[in-house]
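To be precise, the following lines are entry-v8.cif, and they hold mmCIF, C-alpha atoms and all ligand atoms.
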data_upload
#
loop_
_atom_site.group_PDB
_atom_site.id
_atom_site.type_symbol
_atom_site.label_atom_id
_atom_site.label_comp_id
_atom_site.auth_asym_id
_atom_site.auth_seq_id
_atom_site.Cartn_x
_atom_site.Cartn_y
_atom_site.Cartn_z
ATOM 1 C CA MET A 1 90.630 107.789 55.256
ATOM 2 C CA ASN A 2 90.222 110.043 58.279
ATOM 3 C CA ALA A 3 93.646 109.025 59.526
ATOM 4 C CA PHE A 4 95.120 110.591 56.380
ATOM 5 C CA TYR A 5 93.298 113.892 56.682
ATOM 6 C CA ASP A 6 93.820 114.037 60.470
ATOM 7 C CA MET A 7 97.536 114.483 59.895
ATOM 8 C CA ASN A 8 99.067 117.895 59.488
ATOM 9 C CA ARG A 9 99.894 119.152 56.002
ATOM 10 C CA GLU A 10 103.599 118.414 56.255
ATOM 11 C CA THR A 11 103.063 114.779 57.248
ATOM 12 C CA ARG A 12 100.387 114.333 54.566
ATOM 13 C CA GLY A 13 102.901 115.675 52.064
ATOM 14 C CA LYS A 14 105.447 113.071 53.136
ATOM 15 C CA VAL A 15 102.917 110.256 52.786
ATOM 16 C CA VAL A 16 101.857 111.491 49.352
ATOM 17 C CA GLN A 17 105.530 111.729 48.329
ATOM 18 C CA PHE A 18 106.103 108.177 49.610
ATOM 19 C CA ALA A 19 103.126 106.978 47.539
ATOM 20 C CA LYS A 20 104.337 108.827 44.437
ATOM 21 C CA GLU A 21 107.788 107.227 44.659
ATOM 22 C CA ARG A 22 106.084 103.826 44.576
ATOM 23 C CA ASN A 23 103.664 104.759 41.799
ATOM 24 C CA TYR A 24 100.660 104.418 44.089
ATOM 25 C CA PRO A 25 97.469 106.181 43.005
ATOM 26 C CA PRO A 26 96.718 109.586 44.600
ATOM 27 C CA PRO A 27 94.677 109.725 47.819
ATOM 28 C CA GLY A 28 90.985 109.132 47.302
ATOM 29 C CA GLN A 29 88.127 107.062 48.637
ATOM 30 C CA ILE A 30 88.986 104.028 46.500
ATOM 31 C CA TYR A 31 92.496 103.867 47.835
ATOM 32 C CA LYS A 32 91.687 104.579 51.440
ATOM 33 C CA VAL A 33 93.056 101.230 52.590
ATOM 34 C CA ILE A 34 96.415 101.968 50.986
ATOM 35 C CA TYR A 35 96.562 105.414 52.534
ATOM 36 C CA ALA A 36 95.458 104.225 55.949
ATOM 37 C CA ALA A 37 98.268 101.646 55.777
ATOM 38 C CA LEU A 38 100.757 104.318 54.670
ATOM 39 C CA VAL A 39 99.812 106.467 57.643
ATOM 40 C CA VAL A 40 100.475 103.566 60.006
ATOM 41 C CA GLN A 41 103.740 102.798 58.228
ATOM 42 C CA HIS A 42 104.827 106.409 58.472
ATOM 43 C CA LYS A 43 104.034 106.582 62.201
ATOM 44 C CA LEU A 44 105.809 103.283 62.887
ATOM 45 C CA SER A 45 108.896 104.343 60.932
ATOM 46 C CA LEU A 46 109.154 107.537 63.006
ATOM 47 C CA ILE A 47 108.902 105.554 66.249
ATOM 48 C CA MET A 48 111.403 102.968 64.996
ATOM 49 C CA ARG A 49 113.877 105.680 64.067
ATOM 50 C CA GLU A 50 113.596 107.156 67.562
ATOM 51 C CA ILE A 51 114.071 103.691 69.072
ATOM 52 C CA ASP A 52 117.215 103.175 66.956
ATOM 53 C CA GLN A 53 118.628 106.528 68.036
ATOM 54 C CA THR A 54 117.843 105.837 71.706
ATOM 55 C CA ILE A 55 119.541 102.437 71.561
ATOM 56 C CA ASP A 56 122.589 104.058 69.926
ATOM 57 C CA ARG A 57 122.771 106.572 72.762
ATOM 58 C CA ILE A 58 122.489 103.790 75.389
ATOM 59 C CA MET A 59 125.330 101.836 73.716
ATOM 60 C CA LEU A 60 127.473 104.963 73.651
ATOM 61 C CA LEU A 61 126.758 105.610 77.343
ATOM 62 C CA ASN A 62 127.686 101.976 78.128
ATOM 63 C CA ASP A 63 131.079 102.552 76.468
ATOM 64 C CA ARG A 64 131.593 105.787 78.348
ATOM 65 C CA ILE A 65 130.585 104.199 81.680
ATOM 66 C CA ALA A 66 133.079 101.369 81.105
ATOM 67 C CA MET A 67 135.771 103.934 80.278
ATOM 68 C CA SER A 68 134.971 106.021 83.371
ATOM 69 C CA ILE A 69 135.104 102.894 85.548
ATOM 70 C CA ARG A 70 138.584 102.133 84.156
ATOM 71 C CA GLU A 71 139.639 105.711 84.851
ATOM 72 C CA GLY A 72 137.991 105.647 88.284
ATOM 73 C CA ASN A 73 136.103 108.851 87.472
ATOM 74 C CA MET A 74 133.219 108.657 89.960
ATOM 75 C CA THR A 75 131.558 111.917 88.938
ATOM 76 C CA ALA A 76 131.406 110.819 85.315
ATOM 77 C CA ILE A 77 130.078 107.375 86.271
ATOM 78 C CA VAL A 78 127.194 108.813 88.305
ATOM 79 C CA LEU A 79 126.386 111.344 85.582
ATOM 80 C CA MET A 80 126.429 108.766 82.772
ATOM 81 C CA LYS A 81 124.297 106.336 84.767
ATOM 82 C CA GLU A 82 121.680 109.020 85.339
ATOM 83 C CA ARG A 83 121.644 109.742 81.620
ATOM 84 C CA LYS A 84 121.423 106.030 80.852
ATOM 85 C CA ASP A 85 118.414 105.667 83.187
ATOM 86 C CA GLU A 86 116.728 108.548 81.360
ATOM 87 C CA GLU A 87 117.389 106.930 77.981
ATOM 88 C CA LYS A 88 116.088 103.579 79.238
ATOM 89 C CA ALA A 89 112.869 105.225 80.461
ATOM 90 C CA ARG A 90 112.537 106.882 77.047
ATOM 91 C CA LEU A 91 113.008 103.512 75.354
ATOM 92 C CA ALA A 92 110.277 101.953 77.508
ATOM 93 C CA ARG A 93 107.919 104.820 76.528
ATOM 94 C CA LEU A 94 108.717 104.341 72.838
ATOM 95 C CA GLU A 95 108.118 100.595 73.101
ATOM 96 C CA ARG A 96 104.700 101.206 74.655
ATOM 97 C CA LEU A 97 103.930 103.705 71.903
ATOM 98 C CA LEU A 98 105.000 101.170 69.281
ATOM 99 C CA MET A 99 102.665 98.549 70.766
ATOM 100 C CA ARG A 100 99.793 101.048 70.756
ATOM 101 C CA GLU A 101 100.326 102.074 67.132
ATOM 102 C CA SER A 102 101.080 98.579 65.909
ATOM 103 C CA PRO A 103 98.461 97.255 63.463
ATOM 104 C CA MET A 104 99.098 93.744 64.743
ATOM 105 C CA LYS A 105 96.593 92.553 67.318
ATOM 106 C CA LYS A 106 98.296 91.980 70.596
ATOM 107 C CA GLU A 107 97.894 88.451 71.909
ATOM 108 C CA PRO A 108 96.284 88.232 75.319
ATOM 109 C CA ASP A 109 99.328 88.150 77.577
ATOM 110 C CA LYS A 110 99.567 84.950 79.554
ATOM 111 C CA ASN A 111 102.919 86.075 80.940
ATOM 112 C CA GLU A 112 101.601 89.312 82.353
ATOM 113 C CA ILE A 113 103.623 90.790 85.209
ATOM 114 C CA THR A 114 101.567 91.427 88.341
ATOM 115 C CA ASP A 115 102.376 93.708 91.298
ATOM 116 C CA GLU A 116 102.464 90.618 93.454
ATOM 117 C CA MET A 117 105.178 89.103 91.217
ATOM 118 C CA ILE A 118 107.228 92.305 91.429
ATOM 119 C CA LEU A 119 107.043 92.257 95.229
ATOM 120 C CA ARG A 120 108.069 88.608 95.290
ATOM 121 C CA ALA A 121 110.986 89.329 92.943
ATOM 122 C CA LYS A 122 112.152 92.188 95.179
ATOM 123 C CA ASP A 123 112.039 89.859 98.170
ATOM 124 C CA TYR A 124 114.254 87.243 96.497
ATOM 125 C CA PRO A 125 117.254 86.878 98.841
ATOM 126 C CA PHE A 126 119.949 89.136 97.382
ATOM 127 C CA GLU A 127 122.708 86.947 98.766
ATOM 128 C CA ASP A 128 121.537 83.985 96.655
ATOM 129 C CA LEU A 129 122.269 86.040 93.527
ATOM 130 C CA LEU A 130 125.873 86.721 94.499
ATOM 131 C CA PRO A 131 128.305 84.159 93.087
ATOM 132 C CA GLU A 132 130.576 84.348 96.142
ATOM 133 C CA GLY A 133 127.876 84.951 98.758
ATOM 134 C CA LEU A 134 128.386 87.542 101.501
ATOM 135 C CA LYS A 135 130.967 87.831 104.234
ATOM 136 C CA ARG A 136 129.805 90.224 106.965
ATOM 137 C CA GLY A 137 127.330 91.729 104.500
ATOM 138 C CA ARG A 138 129.958 92.405 101.825
ATOM 139 C CA CYS A 139 131.540 90.838 98.766
ATOM 140 C CA ARG A 140 133.365 91.529 95.505
ATOM 141 C CA CYS A 141 131.224 93.658 93.185
ATOM 142 C CA PRO A 142 129.713 91.479 90.418
ATOM 143 C CA ILE A 143 128.833 94.574 88.387
ATOM 144 C CA HIS A 144 132.297 96.059 87.760
ATOM 145 C CA ALA A 145 134.154 92.850 88.694
ATOM 146 C CA GLY A 146 136.795 94.608 90.787
ATOM 147 C CA GLN A 147 139.239 92.868 93.089
ATOM 148 C CA ASN A 148 138.117 94.486 96.350
ATOM 149 C CA THR A 149 136.209 91.780 98.292
ATOM 150 C CA MET A 150 134.504 94.462 100.425
ATOM 151 C CA SER A 151 133.244 96.912 97.798
ATOM 152 C CA PHE A 152 129.719 95.492 97.412
ATOM 153 C CA SER A 153 127.318 95.602 100.330
ATOM 154 C CA VAL A 154 123.749 94.407 100.804
ATOM 155 C CA LYS A 155 121.342 96.066 103.200
ATOM 156 C CA GLY A 156 117.545 95.743 103.307
ATOM 157 C CA ASN A 157 117.785 93.433 100.280
ATOM 158 C CA ARG A 158 119.306 96.231 98.189
ATOM 159 C CA GLY A 159 122.836 96.136 96.858
ATOM 160 C CA ARG A 160 125.353 98.919 96.567
ATOM 161 C CA CYS A 161 128.904 99.112 95.275
ATOM 162 C CA TRP A 162 131.140 101.686 96.938
ATOM 163 C CA SER A 163 133.596 101.529 94.043
ATOM 164 C CA CYS A 164 131.529 101.794 90.867
ATOM 165 C CA GLY A 165 128.436 103.366 92.395
ATOM 166 C CA TRP A 166 125.977 100.691 91.289
ATOM 167 C CA GLU A 167 122.879 100.629 93.454
ATOM 168 C CA GLY A 168 119.637 98.724 93.195
ATOM 169 C CA ASP A 169 117.301 95.932 94.153
ATOM 170 C CA THR A 170 117.311 92.275 93.076
ATOM 171 C CA ILE A 171 115.376 93.030 89.873
ATOM 172 C CA LYS A 172 117.833 95.697 88.713
ATOM 173 C CA PHE A 173 120.719 93.427 89.663
ATOM 174 C CA VAL A 174 119.460 90.549 87.505
ATOM 175 C CA GLN A 175 118.700 92.975 84.659
ATOM 176 C CA ASP A 176 122.231 94.414 84.727
ATOM 177 C CA VAL A 177 124.158 91.190 85.351
ATOM 178 C CA GLN A 178 122.199 88.888 83.047
ATOM 179 C CA GLY A 179 121.101 91.471 80.511
ATOM 180 C CA LEU A 180 117.406 90.708 81.001
ATOM 181 C CA THR A 181 114.473 93.020 80.476
ATOM 182 C CA PHE A 182 112.463 94.111 83.519
ATOM 183 C CA PRO A 183 109.604 91.604 82.894
ATOM 184 C CA ASP A 184 112.052 88.738 82.316
ATOM 185 C CA ALA A 185 113.971 89.585 85.491
ATOM 186 C CA VAL A 186 110.704 89.680 87.460
ATOM 187 C CA ARG A 187 109.633 86.340 85.981
ATOM 188 C CA ARG A 188 112.957 84.746 86.855
ATOM 189 C CA LEU A 189 112.929 86.023 90.450
ATOM 190 C CA SER A 190 109.275 85.388 91.255
ATOM 191 C CA ARG A 191 109.110 81.728 90.301
HETATM 192 ZN ZN ZN B 1 131.024 97.851 91.476
#
Is it possible to give me this structure as structure tokens?
Ligand SMILES: [Zn+2]
Amino acid sequence: MNAFYDMNRETRGKVVQFAKERNYPPPGQIYKVIYAALVVQHKLSLIMREIDQTIDRIMLLNDRIAMSIREGNMTAIVLMKERKDEEKARLARLERLLMRESPMKKEPDKNEITDEMILRAKDYPFEDLLPEGLKRGRCRCPIHAGQNTMSFSVKGNRGRCWSCGWEGDTIKFVQDVQGLTFPDAVRRLSR
């Protein structure tokens, strides 16, 4: 029951309203399980709504980045990518929050990502990820799929495209090209 009374008045009001709409009994000791569950549901729905909105913004930025690449607007590309990175960081925070608030017990994670795995993934030879390999350290950019066979360069096992502005290590490359999450990219590269 504490969870219910720990909330501010406005949030309590929303939970009570929610209960009323469903003909649940008013808050009280007997119904504390119901109200504790409602509190969790309310919190989760707020987080989920934020996650939805963040994903919408990322999709919109993806469209705008693609448009800017077509227009060759470098300033816009760099700006949008920075904003996309911010939104992705926000999404990761929300996902962690969701896991923390989730009433479901988290399974012990057999597939946990270790620092050692991340290092190994970063050391994966960049060239082996490039469909056409490298010629004198350069190749066609697999990110924006342009025609210039010299636009993408690899140095210190980090890639960079001089046309579209993409820059990153092997993990980011696999994430962006194959659409994997960070843990999945690390798993794939550290095998
Ligand atoms: Zn590129």
Box along x, y and z, 6 Å on every side, all listed atoms of range 164-171 of chain A inside: centre and edge lengths in Å to one decimal, as AutoDock Vina command-line options.
--center_x 123.5 --center_y 97.8 --center_z 92.0 --size_x 28.2 --size_y 23.1 --size_z 16.3
Env. residues ligand ZN 1 (chain B) / 12 Å / all atoms listed in the file / as a ChimeraX atom specification: /A:65-66,69-70,72,74,77,138-153,159-168,173,176-177
Using only C-alpha atoms: which of A:Leu61, A:Leu130, A:Leu97, A:Met67 has the shortest distance to Asp85 in chain A: A:Leu61
Explicit residues for the PyMOL selection byres (((chain A and resi 119-124) around 12) and not hetatm) (as a PyMOL selection string): chain A and resi 113-118+125-130+156-159+168-175+182-191
Dump as a PDB file, in the frame of the given file, selection limited to C-alpha atoms:
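Produced file out.pdb, reproduced below:
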ATOM      1  CA  ILE A 113     103.623  90.790  85.209  1.00  0.00           C
ATOM      2  CA  THR A 114     101.567  91.427  88.341  1.00  0.00           C
ATOM      3  CA  ASP A 115     102.376  93.708  91.298  1.00  0.00           C
ATOM      4  CA  GLU A 116     102.464  90.618  93.454  1.00  0.00           C
ATOM      5  CA  MET A 117     105.178  89.103  91.217  1.00  0.00           C
ATOM      6  CA  ILE A 118     107.228  92.305  91.429  1.00  0.00           C
ATOM      7  CA  PRO A 125     117.254  86.878  98.841  1.00  0.00           C
ATOM      8  CA  PHE A 126     119.949  89.136  97.382  1.00  0.00           C
ATOM      9  CA  GLU A 127     122.708  86.947  98.766  1.00  0.00           C
ATOM     10  CA  ASP A 128     121.537  83.985  96.655  1.00  0.00           C
ATOM     11  CA  LEU A 129     122.269  86.040  93.527  1.00  0.00           C
ATOM     12  CA  LEU A 130     125.873  86.721  94.499  1.00  0.00           C
ATOM     13  CA  GLY A 156     117.545  95.743 103.307  1.00  0.00           C
ATOM     14  CA  ASN A 157     117.785  93.433 100.280  1.00  0.00           C
ATOM     15  CA  ARG A 158     119.306  96.231  98.189  1.00  0.00           C
ATOM     16  CA  GLY A 159     122.836  96.136  96.858  1.00  0.00           C
ATOM     17  CA  GLY A 168     119.637  98.724  93.195  1.00  0.00           C
ATOM     18  CA  ASP A 169     117.301  95.932  94.153  1.00  0.00           C
ATOM     19  CA  THR A 170     117.311  92.275  93.076  1.00  0.00           C
ATOM     20  CA  ILE A 171     115.376  93.030  89.873  1.00  0.00           C
ATOM     21  CA  LYS A 172     117.833  95.697  88.713  1.00  0.00           C
ATOM     22  CA  PHE A 173     120.719  93.427  89.663  1.00  0.00           C
ATOM     23  CA  VAL A 174     119.460  90.549  87.505  1.00  0.00           C
ATOM     24  CA  GLN A 175     118.700  92.975  84.659  1.00  0.00           C
ATOM     25  CA  PHE A 182     112.463  94.111  83.519  1.00  0.00           C
ATOM     26  CA  PRO A 183     109.604  91.604  82.894  1.00  0.00           C
ATOM     27  CA  ASP A 184     112.052  88.738  82.316  1.00  0.00           C
ATOM     28  CA  ALA A 185     113.971  89.585  85.491  1.00  0.00           C
ATOM     29  CA  VAL A 186     110.704  89.680  87.460  1.00  0.00           C
ATOM     30  CA  ARG A 187     109.633  86.340  85.981  1.00  0.00           C
ATOM     31  CA  ARG A 188     112.957  84.746  86.855  1.00  0.00           C
ATOM     32  CA  LEU A 189     112.929  86.023  90.450  1.00  0.00           C
ATOM     33  CA  SER A 190     109.275  85.388  91.255  1.00  0.00           C
ATOM     34  CA  ARG A 191     109.110  81.728  90.301  1.00  0.00           C
TER      35      ARG A 191
END
Ser102 in chain A environment, 12 Å, all atoms listed in the file, sequence neighbours closer than 2 positions dropped, as a PyMOL selection string: chain A and resi 37+39-45+47-48+94-100+104-106
Serialized selection, C-alpha atoms, as an mmCIF file, in the frame of the given file:
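Output file part_2.cif follows:
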data_model
loop_
_atom_site.group_PDB
_atom_site.id
_atom_site.type_symbol
_atom_site.label_atom_id
_atom_site.label_comp_id
_atom_site.auth_asym_id
_atom_site.auth_seq_id
_atom_site.Cartn_x
_atom_site.Cartn_y
_atom_site.Cartn_z
ATOM 1 C CA ALA A 37 98.268 101.646 55.777
ATOM 2 C CA VAL A 39 99.812 106.467 57.643
ATOM 3 C CA VAL A 40 100.475 103.566 60.006
ATOM 4 C CA GLN A 41 103.740 102.798 58.228
ATOM 5 C CA HIS A 42 104.827 106.409 58.472
ATOM 6 C CA LYS A 43 104.034 106.582 62.201
ATOM 7 C CA LEU A 44 105.809 103.283 62.887
ATOM 8 C CA SER A 45 108.896 104.343 60.932
ATOM 9 C CA ILE A 47 108.902 105.554 66.249
ATOM 10 C CA MET A 48 111.403 102.968 64.996
ATOM 11 C CA LEU A 94 108.717 104.341 72.838
ATOM 12 C CA GLU A 95 108.118 100.595 73.101
ATOM 13 C CA ARG A 96 104.700 101.206 74.655
ATOM 14 C CA LEU A 97 103.930 103.705 71.903
ATOM 15 C CA LEU A 98 105.000 101.170 69.281
ATOM 16 C CA MET A 99 102.665 98.549 70.766
ATOM 17 C CA ARG A 100 99.793 101.048 70.756
ATOM 18 C CA MET A 104 99.098 93.744 64.743
ATOM 19 C CA LYS A 105 96.593 92.553 67.318
ATOM 20 C CA LYS A 106 98.296 91.980 70.596
#
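Compared by their closest atoms to Arg12 in chain A, and using all atoms listed in the file, the residues A:Val33, A:Leu38, A:Ala89, A:Ile51 rank with A:Leu38 nearest.
For the pair CA of Asn73 in chain A and CA of Glu87 in chain A, the separation is 21.1 Å.
The two atoms in question, CA of Arg49 in chain A and CA of Arg22 in chain A, are spaced 21.1 Å apart.
Interatomic distance, CA of Glu112 in chain A against CA of Thr181 in chain A: 13.5 Å.
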Can you give me N, CA and C atoms for range 69-83 of chain A, written as a PDB file, in the frame of the given file?
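Output file part.pdb is given in full below:
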ATOM      1  N   ILE A  69     134.787 103.860  84.487  1.00  0.00           N
ATOM      2  CA  ILE A  69     135.104 102.894  85.548  1.00  0.00           C
ATOM      3  C   ILE A  69     136.604 102.593  85.503  1.00  0.00           C
ATOM      4  N   ARG A  70     137.141 102.393  84.282  1.00  0.00           N
ATOM      5  CA  ARG A  70     138.584 102.133  84.156  1.00  0.00           C
ATOM      6  C   ARG A  70     139.401 103.305  84.675  1.00  0.00           C
ATOM      7  N   GLU A  71     138.906 104.520  84.413  1.00  0.00           N
ATOM      8  CA  GLU A  71     139.639 105.711  84.851  1.00  0.00           C
ATOM      9  C   GLU A  71     139.363 106.048  86.310  1.00  0.00           C
ATOM     10  N   GLY A  72     138.355 105.362  86.889  1.00  0.00           N
ATOM     11  CA  GLY A  72     137.991 105.647  88.284  1.00  0.00           C
ATOM     12  C   GLY A  72     137.377 107.024  88.461  1.00  0.00           C
ATOM     13  N   ASN A  73     136.723 107.526  87.419  1.00  0.00           N
ATOM     14  CA  ASN A  73     136.103 108.851  87.472  1.00  0.00           C
ATOM     15  C   ASN A  73     134.667 108.745  87.991  1.00  0.00           C
ATOM     16  N   MET A  74     134.525 108.865  89.310  1.00  0.00           N
ATOM     17  CA  MET A  74     133.219 108.657  89.960  1.00  0.00           C
ATOM     18  C   MET A  74     132.152 109.632  89.477  1.00  0.00           C
ATOM     19  N   THR A  75     132.534 110.894  89.345  1.00  0.00           N
ATOM     20  CA  THR A  75     131.558 111.917  88.938  1.00  0.00           C
ATOM     21  C   THR A  75     130.976 111.559  87.573  1.00  0.00           C
ATOM     22  N   ALA A  76     131.861 111.179  86.661  1.00  0.00           N
ATOM     23  CA  ALA A  76     131.406 110.819  85.315  1.00  0.00           C
ATOM     24  C   ALA A  76     130.511 109.588  85.356  1.00  0.00           C
ATOM     25  N   ILE A  77     130.872 108.608  86.187  1.00  0.00           N
ATOM     26  CA  ILE A  77     130.078 107.375  86.271  1.00  0.00           C
ATOM     27  C   ILE A  77     128.650 107.695  86.695  1.00  0.00           C
ATOM     28  N   VAL A  78     128.525 108.476  87.787  1.00  0.00           N
ATOM     29  CA  VAL A  78     127.194 108.813  88.305  1.00  0.00           C
ATOM     30  C   VAL A  78     126.392 109.573  87.255  1.00  0.00           C
ATOM     31  N   LEU A  79     127.052 110.522  86.597  1.00  0.00           N
ATOM     32  CA  LEU A  79     126.386 111.344  85.582  1.00  0.00           C
ATOM     33  C   LEU A  79     125.889 110.499  84.414  1.00  0.00           C
ATOM     34  N   MET A  80     126.763 109.621  83.915  1.00  0.00           N
ATOM     35  CA  MET A  80     126.429 108.766  82.772  1.00  0.00           C
ATOM     36  C   MET A  80     125.295 107.804  83.128  1.00  0.00           C
ATOM     37  N   LYS A  81     125.338 107.289  84.369  1.00  0.00           N
ATOM     38  CA  LYS A  81     124.297 106.336  84.767  1.00  0.00           C
ATOM     39  C   LYS A  81     122.943 107.017  84.842  1.00  0.00           C
ATOM     40  N   GLU A  82     122.939 108.264  85.308  1.00  0.00           N
ATOM     41  CA  GLU A  82     121.680 109.020  85.339  1.00  0.00           C
ATOM     42  C   GLU A  82     121.161 109.195  83.917  1.00  0.00           C
ATOM     43  N   ARG A  83     122.054 109.550  83.021  1.00  0.00           N
ATOM     44  CA  ARG A  83     121.644 109.742  81.620  1.00  0.00           C
ATOM     45  C   ARG A  83     121.162 108.435  81.015  1.00  0.00           C
TER      46      ARG A  83
END
